[in-house]
$ cat input_30.csv   # CSV, C-alpha atoms (C1' of nucleotides)
chain,number,residue,atom,x,y,z
A,1,MET,CA,16.0,29.6,-20.4
A,2,THR,CA,12.5,30.3,-21.4
A,3,GLU,CA,12.3,26.7,-22.6
A,4,ALA,CA,13.1,25.2,-19.2
A,5,ASP,CA,10.7,27.7,-17.6
A,6,ALA,CA,7.8,26.7,-19.8
A,7,ARG,CA,8.6,23.1,-19.3
A,8,ARG,CA,8.6,23.5,-15.5
A,9,ARG,CA,5.3,25.4,-15.7
A,10,LEU,CA,3.7,22.6,-17.6
A,11,VAL,CA,4.9,19.9,-15.2
A,12,ALA,CA,3.8,21.9,-12.1
A,13,GLY,CA,0.5,22.8,-13.7
A,14,ALA,CA,-0.2,19.2,-14.6
A,15,ALA,CA,0.6,18.1,-11.1
A,16,ASP,CA,-1.9,20.7,-9.7
A,17,MET,CA,-4.6,19.7,-12.1
A,18,ILE,CA,-4.1,16.0,-11.5
A,19,ARG,CA,-4.3,16.3,-7.8
A,20,ARG,CA,-7.7,18.1,-8.2
A,21,ARG,CA,-9.4,16.3,-11.1
A,22,GLY,CA,-7.5,13.1,-11.4
A,23,LEU,CA,-5.5,12.0,-14.4
A,24,ASN,CA,-8.2,11.3,-16.9
A,25,ALA,CA,-10.0,14.6,-16.4
A,26,THR,CA,-6.7,16.5,-16.8
A,27,SER,CA,-6.4,17.6,-20.5
A,28,ILE,CA,-3.2,18.6,-22.2
A,29,ARG,CA,-5.2,21.4,-23.7
A,30,GLU,CA,-6.0,23.0,-20.4
A,31,VAL,CA,-2.6,22.4,-18.9
A,32,ALA,CA,-1.1,24.2,-21.8
A,33,LYS,CA,-3.6,27.1,-21.6
A,34,HIS,CA,-2.9,27.5,-17.8
A,35,ALA,CA,0.8,27.5,-18.5
A,36,ALA,CA,0.3,30.1,-21.3
A,37,THR,CA,2.0,27.6,-23.7
A,38,PRO,CA,0.6,26.6,-27.1
A,39,LEU,CA,-0.8,23.2,-27.4
A,40,GLY,CA,1.8,22.1,-30.0
A,41,SER,CA,4.6,23.0,-27.7
A,42,THR,CA,3.7,20.4,-25.1
A,43,TYR,CA,4.4,17.7,-27.7
A,44,HIS,CA,7.7,19.3,-28.4
A,45,TYR,CA,8.7,19.2,-24.7
A,46,PHE,CA,7.0,15.9,-24.0
A,47,PRO,CA,7.1,13.7,-27.2
A,48,GLY,CA,5.6,10.9,-25.1
A,49,GLY,CA,2.4,13.0,-24.8
A,50,LYS,CA,0.1,13.0,-21.9
A,51,GLN,CA,1.6,10.0,-20.1
A,52,GLN,CA,5.1,11.4,-20.2
A,53,LEU,CA,3.8,14.7,-18.8
A,54,ALA,CA,1.8,12.9,-16.1
A,55,ALA,CA,4.7,10.7,-15.1
A,56,GLU,CA,6.9,13.8,-14.7
A,57,ALA,CA,4.2,15.5,-12.7
A,58,VAL,CA,4.1,12.6,-10.3
A,59,ARG,CA,7.8,12.6,-9.9
A,60,PHE,CA,7.8,16.3,-9.4
A,61,ALA,CA,5.2,16.1,-6.6
A,62,GLY,CA,7.1,13.2,-5.1
A,63,GLU,CA,10.4,15.1,-5.0
A,64,THR,CA,8.8,18.3,-3.6
A,65,VAL,CA,7.2,16.4,-0.7
A,66,GLY,CA,10.3,14.2,-0.3
A,67,ARG,CA,12.6,17.2,0.2
A,68,MET,CA,10.3,18.7,2.8
A,69,LEU,CA,10.1,15.3,4.5
A,70,ALA,CA,13.9,14.9,4.6
A,71,GLY,CA,14.3,18.3,6.2
A,72,GLN,CA,11.8,17.6,9.0
A,73,LEU,CA,12.9,14.0,9.6
A,74,ALA,CA,16.3,15.4,10.7
A,75,ALA,CA,14.6,16.4,13.9
A,76,GLY,CA,13.2,12.9,14.4
A,77,PRO,CA,10.5,10.6,13.0
A,78,VAL,CA,7.7,12.2,15.0
A,79,ASP,CA,8.6,15.6,13.6
A,80,GLY,CA,8.7,14.1,10.1
A,81,LEU,CA,5.2,12.6,10.6
A,82,ARG,CA,3.8,15.9,11.9
A,83,ALA,CA,5.2,17.8,8.9
A,84,PHE,CA,3.9,15.2,6.5
A,85,LEU,CA,0.4,15.3,7.8
A,86,ALA,CA,0.5,19.1,8.2
A,87,LEU,CA,1.4,19.4,4.5
A,88,TRP,CA,-1.6,17.4,3.4
A,89,ARG,CA,-3.8,19.4,5.8
A,90,GLU,CA,-2.7,22.6,4.2
A,91,VAL,CA,-3.4,21.3,0.7
A,92,LEU,CA,-6.9,20.3,1.7
A,93,VAL,CA,-7.8,23.5,3.6
A,94,GLY,CA,-6.0,25.8,1.1
A,95,SER,CA,-8.1,24.3,-1.7
A,96,GLU,CA,-11.3,24.1,0.2
A,97,PHE,CA,-11.0,20.3,-0.1
A,98,ARG,CA,-10.8,20.4,-3.8
A,99,ALA,CA,-7.2,19.2,-4.1
A,100,GLY,CA,-5.5,16.1,-2.8
A,101,CYS,CA,-2.5,14.0,-3.7
A,102,PRO,CA,-1.6,13.6,-7.4
A,103,VAL,CA,0.2,10.3,-6.7
A,104,LEU,CA,-2.9,8.9,-5.1
A,105,ALA,CA,-5.0,10.2,-8.0
A,106,VAL,CA,-3.0,8.3,-10.6
A,107,SER,CA,-2.9,5.2,-8.5
A,108,VAL,CA,-6.7,4.6,-8.6
A,109,GLU,CA,-7.1,4.8,-12.4
A,110,GLU,CA,-6.5,1.7,-14.5
A,111,ALA,CA,-3.3,1.3,-16.5
A,112,PRO,CA,-4.2,-0.6,-19.6
A,113,ASP,CA,-1.5,0.2,-22.1
A,114,GLU,CA,2.2,0.5,-21.6
A,115,ASP,CA,2.3,4.2,-21.4
A,116,ARG,CA,0.0,4.4,-18.5
A,117,LEU,CA,2.1,1.8,-16.8
A,118,ALA,CA,4.9,4.2,-16.8
A,119,VAL,CA,2.8,6.6,-14.7
A,120,LEU,CA,1.9,3.9,-12.3
A,121,THR,CA,5.5,2.9,-11.9
A,122,ALA,CA,6.4,6.5,-11.2
A,123,ALA,CA,3.7,6.6,-8.5
A,124,ALA,CA,5.0,3.3,-6.9
A,125,ALA,CA,8.5,4.8,-6.8
A,126,VAL,CA,7.3,7.9,-5.1
A,127,PHE,CA,5.3,6.0,-2.4
A,128,ASP,CA,8.3,3.7,-1.9
A,129,GLY,CA,10.6,6.7,-1.5
A,130,TRP,CA,8.5,8.3,1.2
A,131,GLU,CA,8.2,5.0,3.0
A,132,THR,CA,11.9,4.5,2.9
A,133,GLN,CA,12.6,7.9,4.3
A,134,LEU,CA,10.3,7.3,7.2
A,135,ALA,CA,11.5,3.8,7.8
A,136,ASP,CA,15.2,4.9,7.8
A,137,SER,CA,14.4,7.5,10.4
A,138,LEU,CA,12.6,5.1,12.6
A,139,ARG,CA,15.5,2.6,12.4
A,140,ASP,CA,17.9,5.4,13.3
A,141,HIS,CA,15.8,5.9,16.4
A,142,GLY,CA,16.0,2.3,17.6
A,143,VAL,CA,13.0,0.7,16.0
A,144,ALA,CA,13.6,-2.8,14.7
A,145,ASP,CA,13.7,-3.3,10.9
A,146,GLY,CA,10.4,-5.1,10.4
A,147,GLU,CA,8.5,-2.8,12.7
A,148,ALA,CA,10.0,0.3,11.1
A,149,GLU,CA,8.9,-0.8,7.6
A,150,GLU,CA,5.4,-1.7,8.8
A,151,LEU,CA,5.0,1.7,10.6
A,152,ALA,CA,6.3,3.6,7.6
A,153,THR,CA,3.9,1.9,5.3
A,154,LEU,CA,1.1,2.5,7.7
A,155,VAL,CA,1.9,6.2,7.9
A,156,VAL,CA,1.9,6.7,4.1
A,157,ALA,CA,-1.2,4.6,3.6
A,158,ALA,CA,-3.2,6.2,6.4
A,159,ALA,CA,-2.2,9.7,5.3
A,160,GLU,CA,-3.2,9.1,1.7
A,161,GLY,CA,-6.5,7.5,2.7
A,162,ALA,CA,-7.2,10.2,5.2
A,163,VAL,CA,-6.8,12.8,2.5
A,164,ALA,CA,-9.4,11.1,0.4
A,165,LEU,CA,-11.8,10.8,3.3
A,166,CYS,CA,-11.3,14.5,4.1
A,167,ARG,CA,-12.1,15.4,0.5
A,168,ALA,CA,-15.3,13.3,0.5
A,169,GLN,CA,-16.5,14.7,3.9
A,170,ARG,CA,-15.1,18.3,3.2
A,171,SER,CA,-13.6,18.2,6.7
A,172,THR,CA,-10.2,17.8,8.3
A,173,VAL,CA,-11.6,15.5,11.0
A,174,PRO,CA,-10.4,12.2,9.4
A,175,LEU,CA,-6.9,13.6,9.0
A,176,ASP,CA,-6.8,14.9,12.6
A,177,ARG,CA,-8.0,11.6,14.0
A,178,VAL,CA,-5.4,9.7,12.0
A,179,ALA,CA,-2.8,12.2,13.2
A,180,ALA,CA,-3.6,11.6,16.8
A,181,ARG,CA,-3.3,7.8,16.5
A,182,LEU,CA,-0.2,7.8,14.4
A,183,GLU,CA,1.6,10.3,16.6
A,184,SER,CA,1.0,8.2,19.7
A,185,LEU,CA,2.1,5.1,17.8
A,186,LEU,CA,5.4,6.6,16.6
A,187,THR,CA,6.1,8.2,19.9
A,188,ALA,CA,5.7,4.9,21.7
A,189,ALA,CA,7.9,3.1,19.2
A,190,ALA,CA,10.7,5.7,18.7
A,191,GLY,CA,9.9,8.3,21.4
B,192,MET,CA,-38.8,-7.9,-13.4
B,193,THR,CA,-36.5,-7.6,-16.3
B,194,GLU,CA,-36.4,-3.8,-15.6
B,195,ALA,CA,-35.1,-4.1,-12.1
B,196,ASP,CA,-32.6,-6.7,-13.4
B,197,ALA,CA,-31.3,-4.4,-16.0
B,198,ARG,CA,-31.1,-1.6,-13.5
B,199,ARG,CA,-29.1,-3.7,-11.1
B,200,ARG,CA,-26.8,-4.8,-13.8
B,201,LEU,CA,-26.1,-1.2,-14.7
B,202,VAL,CA,-25.4,-0.2,-11.1
B,203,ALA,CA,-23.1,-3.2,-10.5
B,204,GLY,CA,-21.4,-2.7,-13.8
B,205,ALA,CA,-20.8,1.0,-13.1
B,206,ALA,CA,-19.4,0.2,-9.7
B,207,ASP,CA,-17.0,-2.3,-11.2
B,208,MET,CA,-15.8,0.1,-13.9
B,209,ILE,CA,-15.4,3.0,-11.5
B,210,ARG,CA,-13.3,0.9,-9.1
B,211,ARG,CA,-11.0,0.0,-12.0
B,212,ARG,CA,-10.8,3.2,-14.2
B,213,GLY,CA,-12.1,5.9,-11.9
B,214,LEU,CA,-15.3,8.0,-12.4
B,215,ASN,CA,-14.2,10.2,-15.4
B,216,ALA,CA,-13.0,7.3,-17.5
B,217,THR,CA,-16.2,5.4,-16.9
B,218,SER,CA,-18.5,6.0,-19.8
B,219,ILE,CA,-22.2,5.4,-19.8
B,220,ARG,CA,-21.8,3.9,-23.3
B,221,GLU,CA,-19.5,1.2,-22.1
B,222,VAL,CA,-21.5,0.5,-18.9
B,223,ALA,CA,-24.6,0.0,-21.0
B,224,LYS,CA,-22.7,-2.2,-23.5
B,225,HIS,CA,-21.3,-4.4,-20.7
B,226,ALA,CA,-24.8,-4.7,-19.2
B,227,ALA,CA,-26.2,-5.6,-22.6
B,228,THR,CA,-28.6,-2.6,-22.3
B,229,PRO,CA,-29.2,0.0,-25.0
B,230,LEU,CA,-27.6,3.4,-24.3
B,231,GLY,CA,-31.0,5.1,-24.3
B,232,SER,CA,-32.3,2.9,-21.6
B,233,THR,CA,-29.8,4.1,-19.1
B,234,TYR,CA,-31.3,7.6,-19.3
B,235,HIS,CA,-34.7,6.0,-18.7
B,236,TYR,CA,-33.6,4.3,-15.6
B,237,PHE,CA,-31.3,7.1,-14.5
B,238,PRO,CA,-32.8,10.5,-15.6
B,239,GLY,CA,-30.0,12.2,-13.7
B,240,GLY,CA,-27.5,10.8,-16.1
B,241,LYS,CA,-24.0,9.7,-15.2
B,242,GLN,CA,-23.9,11.4,-11.8
B,243,GLN,CA,-27.0,9.6,-10.6
B,244,LEU,CA,-25.7,6.3,-11.8
B,245,ALA,CA,-22.4,6.9,-10.2
B,246,ALA,CA,-24.0,7.9,-6.9
B,247,GLU,CA,-26.0,4.7,-6.9
B,248,ALA,CA,-22.9,2.7,-7.7
B,249,VAL,CA,-21.1,4.2,-4.7
B,250,ARG,CA,-24.0,3.4,-2.4
B,251,PHE,CA,-24.3,-0.1,-3.8
B,252,ALA,CA,-20.6,-0.8,-3.1
B,253,GLY,CA,-20.9,0.8,0.3
B,254,GLU,CA,-23.9,-1.4,1.2
B,255,THR,CA,-22.3,-4.6,-0.1
B,256,VAL,CA,-19.1,-4.1,2.0
B,257,GLY,CA,-21.2,-2.8,5.0
B,258,ARG,CA,-23.3,-6.0,5.1
B,259,MET,CA,-20.2,-8.2,5.1
B,260,LEU,CA,-18.7,-6.0,7.7
B,261,ALA,CA,-21.7,-6.2,10.0
B,262,GLY,CA,-21.7,-10.0,9.8
B,263,GLN,CA,-18.0,-10.3,10.7
B,264,LEU,CA,-18.1,-7.6,13.4
B,265,ALA,CA,-20.5,-9.8,15.3
B,266,ALA,CA,-17.5,-11.9,16.2
B,267,GLY,CA,-15.6,-8.9,17.5
B,268,PRO,CA,-13.8,-5.8,16.1
B,269,VAL,CA,-10.6,-7.7,15.3
B,270,ASP,CA,-12.5,-10.2,13.2
B,271,GLY,CA,-14.3,-7.3,11.4
B,272,LEU,CA,-10.9,-5.7,10.7
B,273,ARG,CA,-9.5,-9.0,9.3
B,274,ALA,CA,-12.5,-9.5,7.1
B,275,PHE,CA,-12.4,-5.9,5.9
B,276,LEU,CA,-8.8,-6.1,4.9
B,277,ALA,CA,-9.2,-9.6,3.4
B,278,LEU,CA,-12.0,-8.3,1.2
B,279,TRP,CA,-9.7,-5.6,-0.3
B,280,ARG,CA,-6.9,-8.1,-0.7
B,281,GLU,CA,-9.2,-10.3,-2.7
B,282,VAL,CA,-10.3,-7.4,-4.9
B,283,LEU,CA,-6.7,-6.6,-5.6
B,284,VAL,CA,-5.4,-10.1,-6.3
B,285,GLY,CA,-8.5,-11.2,-8.1
B,286,SER,CA,-8.1,-8.3,-10.6
B,287,GLU,CA,-4.3,-8.5,-10.8
B,288,PHE,CA,-4.2,-5.1,-9.1
B,289,ARG,CA,-6.4,-3.5,-11.7
B,290,ALA,CA,-9.4,-2.9,-9.4
B,291,GLY,CA,-9.6,-1.0,-6.1
B,292,CYS,CA,-12.3,0.8,-4.2
B,293,PRO,CA,-14.9,2.8,-6.1
B,294,VAL,CA,-15.6,5.0,-3.1
B,295,LEU,CA,-12.0,6.0,-3.0
B,296,ALA,CA,-11.9,6.5,-6.7
B,297,VAL,CA,-14.8,9.1,-6.8
B,298,SER,CA,-13.3,10.9,-3.7
B,299,VAL,CA,-10.1,11.9,-5.6
B,300,GLU,CA,-11.8,13.6,-8.5
B,301,GLU,CA,-12.9,17.2,-8.2
B,302,ALA,CA,-16.6,18.0,-7.8
B,303,PRO,CA,-17.3,21.3,-9.6
B,304,ASP,CA,-21.0,21.2,-10.3
B,305,GLU,CA,-23.9,20.2,-8.1
B,306,ASP,CA,-24.4,16.9,-9.7
B,307,ARG,CA,-20.9,15.7,-8.9
B,308,LEU,CA,-21.3,16.9,-5.4
B,309,ALA,CA,-24.1,14.3,-5.0
B,310,VAL,CA,-21.6,11.6,-5.8
B,311,LEU,CA,-19.1,13.0,-3.3
B,312,THR,CA,-21.8,13.2,-0.6
B,313,ALA,CA,-22.7,9.5,-1.3
B,314,ALA,CA,-19.0,8.6,-0.8
B,315,ALA,CA,-18.8,10.6,2.4
B,316,ALA,CA,-21.8,8.7,3.8
B,317,VAL,CA,-20.3,5.3,2.8
B,318,PHE,CA,-17.0,6.1,4.6
B,319,ASP,CA,-18.9,7.4,7.6
B,320,GLY,CA,-21.0,4.3,7.7
B,321,TRP,CA,-18.0,1.9,7.7
B,322,GLU,CA,-16.3,4.0,10.4
B,323,THR,CA,-19.5,4.0,12.6
B,324,GLN,CA,-19.8,0.2,12.3
B,325,LEU,CA,-16.2,-0.2,13.5
B,326,ALA,CA,-16.4,2.4,16.2
B,327,ASP,CA,-19.6,0.9,17.6
B,328,SER,CA,-18.0,-2.5,17.8
B,329,LEU,CA,-14.9,-1.1,19.5
B,330,ARG,CA,-17.1,0.7,22.1
B,331,ASP,CA,-19.0,-2.5,22.7
B,332,HIS,CA,-15.7,-4.1,23.6
B,333,GLY,CA,-14.7,-1.6,26.1
B,334,VAL,CA,-12.8,1.0,24.1
B,335,ALA,CA,-13.5,4.6,25.2
B,336,ASP,CA,-15.5,6.8,22.8
B,337,GLY,CA,-12.8,9.1,21.5
B,338,GLU,CA,-10.3,6.3,21.0
B,339,ALA,CA,-12.9,4.2,19.3
B,340,GLU,CA,-13.6,6.9,16.8
B,341,GLU,CA,-10.0,7.6,16.1
B,342,LEU,CA,-9.2,3.9,15.6
B,343,ALA,CA,-12.2,3.4,13.3
B,344,THR,CA,-11.1,6.3,11.1
B,345,LEU,CA,-7.5,5.1,11.1
B,346,VAL,CA,-8.6,1.6,9.9
B,347,VAL,CA,-10.7,2.9,7.1
B,348,ALA,CA,-8.1,5.5,6.0
B,349,ALA,CA,-5.2,3.1,6.2
B,350,ALA,CA,-7.1,0.4,4.3
B,351,GLU,CA,-8.1,2.7,1.5
B,352,GLY,CA,-4.7,4.2,1.2
B,353,ALA,CA,-3.1,0.7,1.3
B,354,VAL,CA,-5.3,-0.4,-1.6
B,355,ALA,CA,-4.0,2.5,-3.7
B,356,LEU,CA,-0.4,1.7,-2.7
B,357,CYS,CA,-0.9,-1.9,-3.7
B,358,ARG,CA,-2.3,-0.9,-7.1
B,359,ALA,CA,0.7,1.3,-7.7
B,360,GLN,CA,3.2,-1.3,-6.7
B,361,ARG,CA,1.3,-4.3,-8.0
B,362,SER,CA,1.9,-6.1,-4.8
B,363,THR,CA,0.0,-6.9,-1.6
B,364,VAL,CA,2.9,-6.0,0.6
B,365,PRO,CA,1.5,-2.6,1.7
B,366,LEU,CA,-1.8,-4.1,2.7
B,367,ASP,CA,-0.2,-6.9,4.5
B,368,ARG,CA,2.1,-4.5,6.5
B,369,VAL,CA,-0.9,-2.3,7.3
B,370,ALA,CA,-2.9,-5.4,8.4
B,371,ALA,CA,-0.1,-6.4,10.8
B,372,ARG,CA,0.0,-3.0,12.5
B,373,LEU,CA,-3.7,-2.5,12.7
B,374,GLU,CA,-4.4,-5.9,14.1
B,375,SER,CA,-1.9,-5.5,16.9
B,376,LEU,CA,-3.4,-2.0,17.6
B,377,LEU,CA,-7.0,-3.2,17.8
B,378,THR,CA,-6.0,-6.3,19.8
B,379,ALA,CA,-4.3,-4.2,22.3
B,380,ALA,CA,-7.3,-1.8,22.6
B,381,ALA,CA,-10.2,-4.3,22.5
B,382,GLY,CA,-8.5,-7.7,22.7
C,383,DG,C1',-42.4,2.5,-22.8
C,384,DT,C1',-37.8,0.9,-25.6
C,385,DC,C1',-34.3,1.6,-28.3
C,386,DT,C1',-31.8,3.5,-32.7
C,387,DA,C1',-29.7,7.2,-34.7
C,388,DT,C1',-27.8,11.5,-34.1
C,389,DA,C1',-26.4,16.2,-32.3
C,390,DC,C1',-22.8,18.5,-30.2
C,391,DG,C1',-18.6,19.2,-27.8
C,392,DA,C1',-14.0,18.0,-26.3
C,393,DA,C1',-10.4,14.9,-26.0
C,394,DG,C1',-5.3,13.3,-27.8
C,395,DA,C1',-2.4,13.8,-31.3
C,396,DT,C1',-0.2,15.6,-35.6
C,397,DA,C1',0.8,18.0,-40.2
C,398,DG,C1',2.4,21.7,-42.1
C,399,DA,C1',2.6,27.0,-42.1
C,400,DC,C1',5.8,30.5,-40.1
D,401,DG,C1',12.4,25.2,-33.9
D,402,DT,C1',7.3,27.2,-32.7
D,403,DC,C1',2.8,27.2,-33.0
D,404,DT,C1',-1.9,27.2,-35.7
D,405,DA,C1',-5.2,24.6,-37.7
D,406,DT,C1',-7.1,20.2,-38.3
D,407,DC,C1',-8.0,14.9,-38.1
D,408,DT,C1',-10.1,11.3,-35.7
D,409,DT,C1',-12.3,9.4,-31.9
D,410,DC,C1',-15.1,9.2,-28.1
D,411,DG,C1',-17.8,11.5,-24.5
D,412,DT,C1',-22.9,12.9,-22.7
D,413,DA,C1',-27.2,13.5,-23.8
D,414,DT,C1',-31.5,13.6,-26.6
D,415,DA,C1',-35.0,13.3,-30.4
D,416,DG,C1',-38.0,10.7,-32.5
D,417,DA,C1',-39.0,5.9,-34.7
D,418,DC,C1',-41.1,1.5,-33.2

$ encode --input "input_30.csv" --output "structure tokens"
Amino acid sequence: MTEADARRRLVAGAADMIRRRGLNATSIREVAKHAATPLGSTYHYFPGGKQQLAAEAVRFAGETVGRMLAGQLAAGPVDGLRAFLALWREVLVGSEFRAGCPVLAVSVEEAPDEDRLAVLTAAAAVFDGWETQLADSLRDHGVADGEAEELATLVVAAAEGAVALCRAQRSTVPLDRVAARLESLLTAAAG
Amino acid sequence: MTEADARRRLVAGAADMIRRRGLNATSIREVAKHAATPLGSTYHYFPGGKQQLAAEAVRFAGETVGRMLAGQLAAGPVDGLRAFLALWREVLVGSEFRAGCPVLAVSVEEAPDEDRLAVLTAAAAVFDGWETQLADSLRDHGVADGEAEELATLVVAAAEGAVALCRAQRSTVPLDRVAARLESLLTAAAG
DNA sequence: GTCTATACGAAGATAGAC
DNA sequence: GTCTATCTTCGTATAGAC
């Protein structure tokens, strides 16, 4: 299973590079080099080229975070929120504010052709998945349907935005402030 | 004053291209073409090259939004919030979800060298400026210092994140949900 | 001072050798 | 089936003609 291994390394490497540099500055060449895989191989594993690799990287990141979120949400929505924000905090601090969220990164670059649209669609699905997980948990704890959806969207949007603010300011202050407000909001709603 | 005019066109054009494609996919060549300016001229106006142009584009966007925000905040923090979110909504809808916030765009791409760091620093200053305007208005309406800062940061982060979510999903739903929650939050705090 | 033409590197993708 | 070498295009930046 060297093949599946190399493939995984390519997807994980692409996700890491995208969350640092963004999609356009992520080159297949460098992803292949970092994964110790010849350039030609990437087109064997990913006939769709860069866009296919990017779409899989986005889904890979989405699932990784989604699994962690599912585990923590079992203890309640506020625990899920804390874990979600703590994860982004670690990404920021661990990379000295050089890395962020790959799903956010691909969402702010235009999608002109059809291929790029596939990446954007993958990003939309990831965001929607996280929101749904949070909203379900809130509903399970007695929050009304509409309010649960609004709160879940607010959490995802605020977290993603805060990550960007933290990167610009090279400080965790924005994320910490957002965490304080969101926690008190969710505690009041589903405490 | 053809010179100042061409310079302005270059900065405004760069801001528009960055908010659509991101910083890396924005080429000086195309910015110059779109501004009907020869490529060589851009290096006359901006000796620092692409990074200088990008930093000015970020500041330009920051000031444009900041002026609008200042005007609307005169009527109170909730009016400022509404105008801030309405502006991003117009950018999204008016571009068919192809354009977003240029300040966000440059904040999610790595800054390896010193030049790029100047762009990131400009972005940090813009975010900080918007937050300060909002926080000041909240304080003027009786919100305590710490809470005002937290709420201001939450508004900027959530708005920026929501813009990205809307672009991915090609829908204003995320922004509308965020608007509903933020409005009720600010009304409760400073109503 | 303004701009055309070009240098130089790196990108995505593929053709064809092993 | 795997990978090396290459094709083509486009990027930033500049040198030198008007």

$ closest_residue --input "input_30.csv" --among "A:Ala189, A:Met17, A:Thr26, A:Leu165" --to "B:Leu311" --atoms "only C-alpha atoms"
A:Leu165

$ residues_around --input "input_30.csv" --residues "A:Leu185" --least-positions-apart "4" --cutoff "10 Å" --atoms "all atoms listed in the file" --output "number ranges by chain"
A: 78, 151, 155, 179-181, 189-191; B: 372, 376

$ interface_residues --input "input_30.csv" --of "chain B" --to "chain D" --cutoff "9 Å" --atoms "all atoms listed in the file" --output "list in words"
Ser218, Ile219, Arg220, Gly231, Tyr234, Gly240 and Lys241 of chain B

$ atom_distance --input "input_30.csv" --atom1 "atom CA of A:Arg59" --atom2 "atom CA of A:Leu186"
27.3 Å

$ atom_distance --input "input_30.csv" --atom1 "atom CA of B:Ala227" --atom2 "atom CA of B:Arg200"
8.9 Å

$ atom_distance --input "input_30.csv" --atom1 "atom CA of A:Glu160" --atom2 "atom CA of A:Cys101"
7.3 Å

$ interface_residues --input "input_30.csv" --of "chain B" --to "chain C" --cutoff "9 Å" --atoms "all atoms listed in the file" --output "ChimeraX atom specification"
/B:229-232

$ write_last_selection --input "input_30.csv" --atoms "C-alpha atoms" --output "PDB file, in the coordinates of the input"
ATOM      1  CA  PRO B 229     -29.200   0.000 -25.000  1.00  0.00           C
ATOM      2  CA  LEU B 230     -27.600   3.400 -24.300  1.00  0.00           C
ATOM      3  CA  GLY B 231     -31.000   5.100 -24.300  1.00  0.00           C
ATOM      4  CA  SER B 232     -32.300   2.900 -21.600  1.00  0.00           C
TER       5      SER B 232
END

$ interface_residues --input "input_30.csv" --of "chain B" --to "chain A" --cutoff "6 Å" --atoms "all atoms listed in the file" --output "ChimeraX atom specification"
/B:211-213,289,296,298-301,311,315,341,345,348-349,351-353,355,359-360,368-369

$ closest_residue --input "input_30.csv" --among "A:Gln51, A:Arg82, A:Arg8, A:Glu96" --to "A:Arg116" --atoms "only C-alpha atoms"
A:Gln51

$ residues_around --input "input_30.csv" --residues "B:Ser328" --least-positions-apart "4" --cutoff "12 Å" --atoms "all atoms listed in the file" --output "ChimeraX atom specification"
/B:260-272,321-324,332-336,339-340,342-343,377,380-382
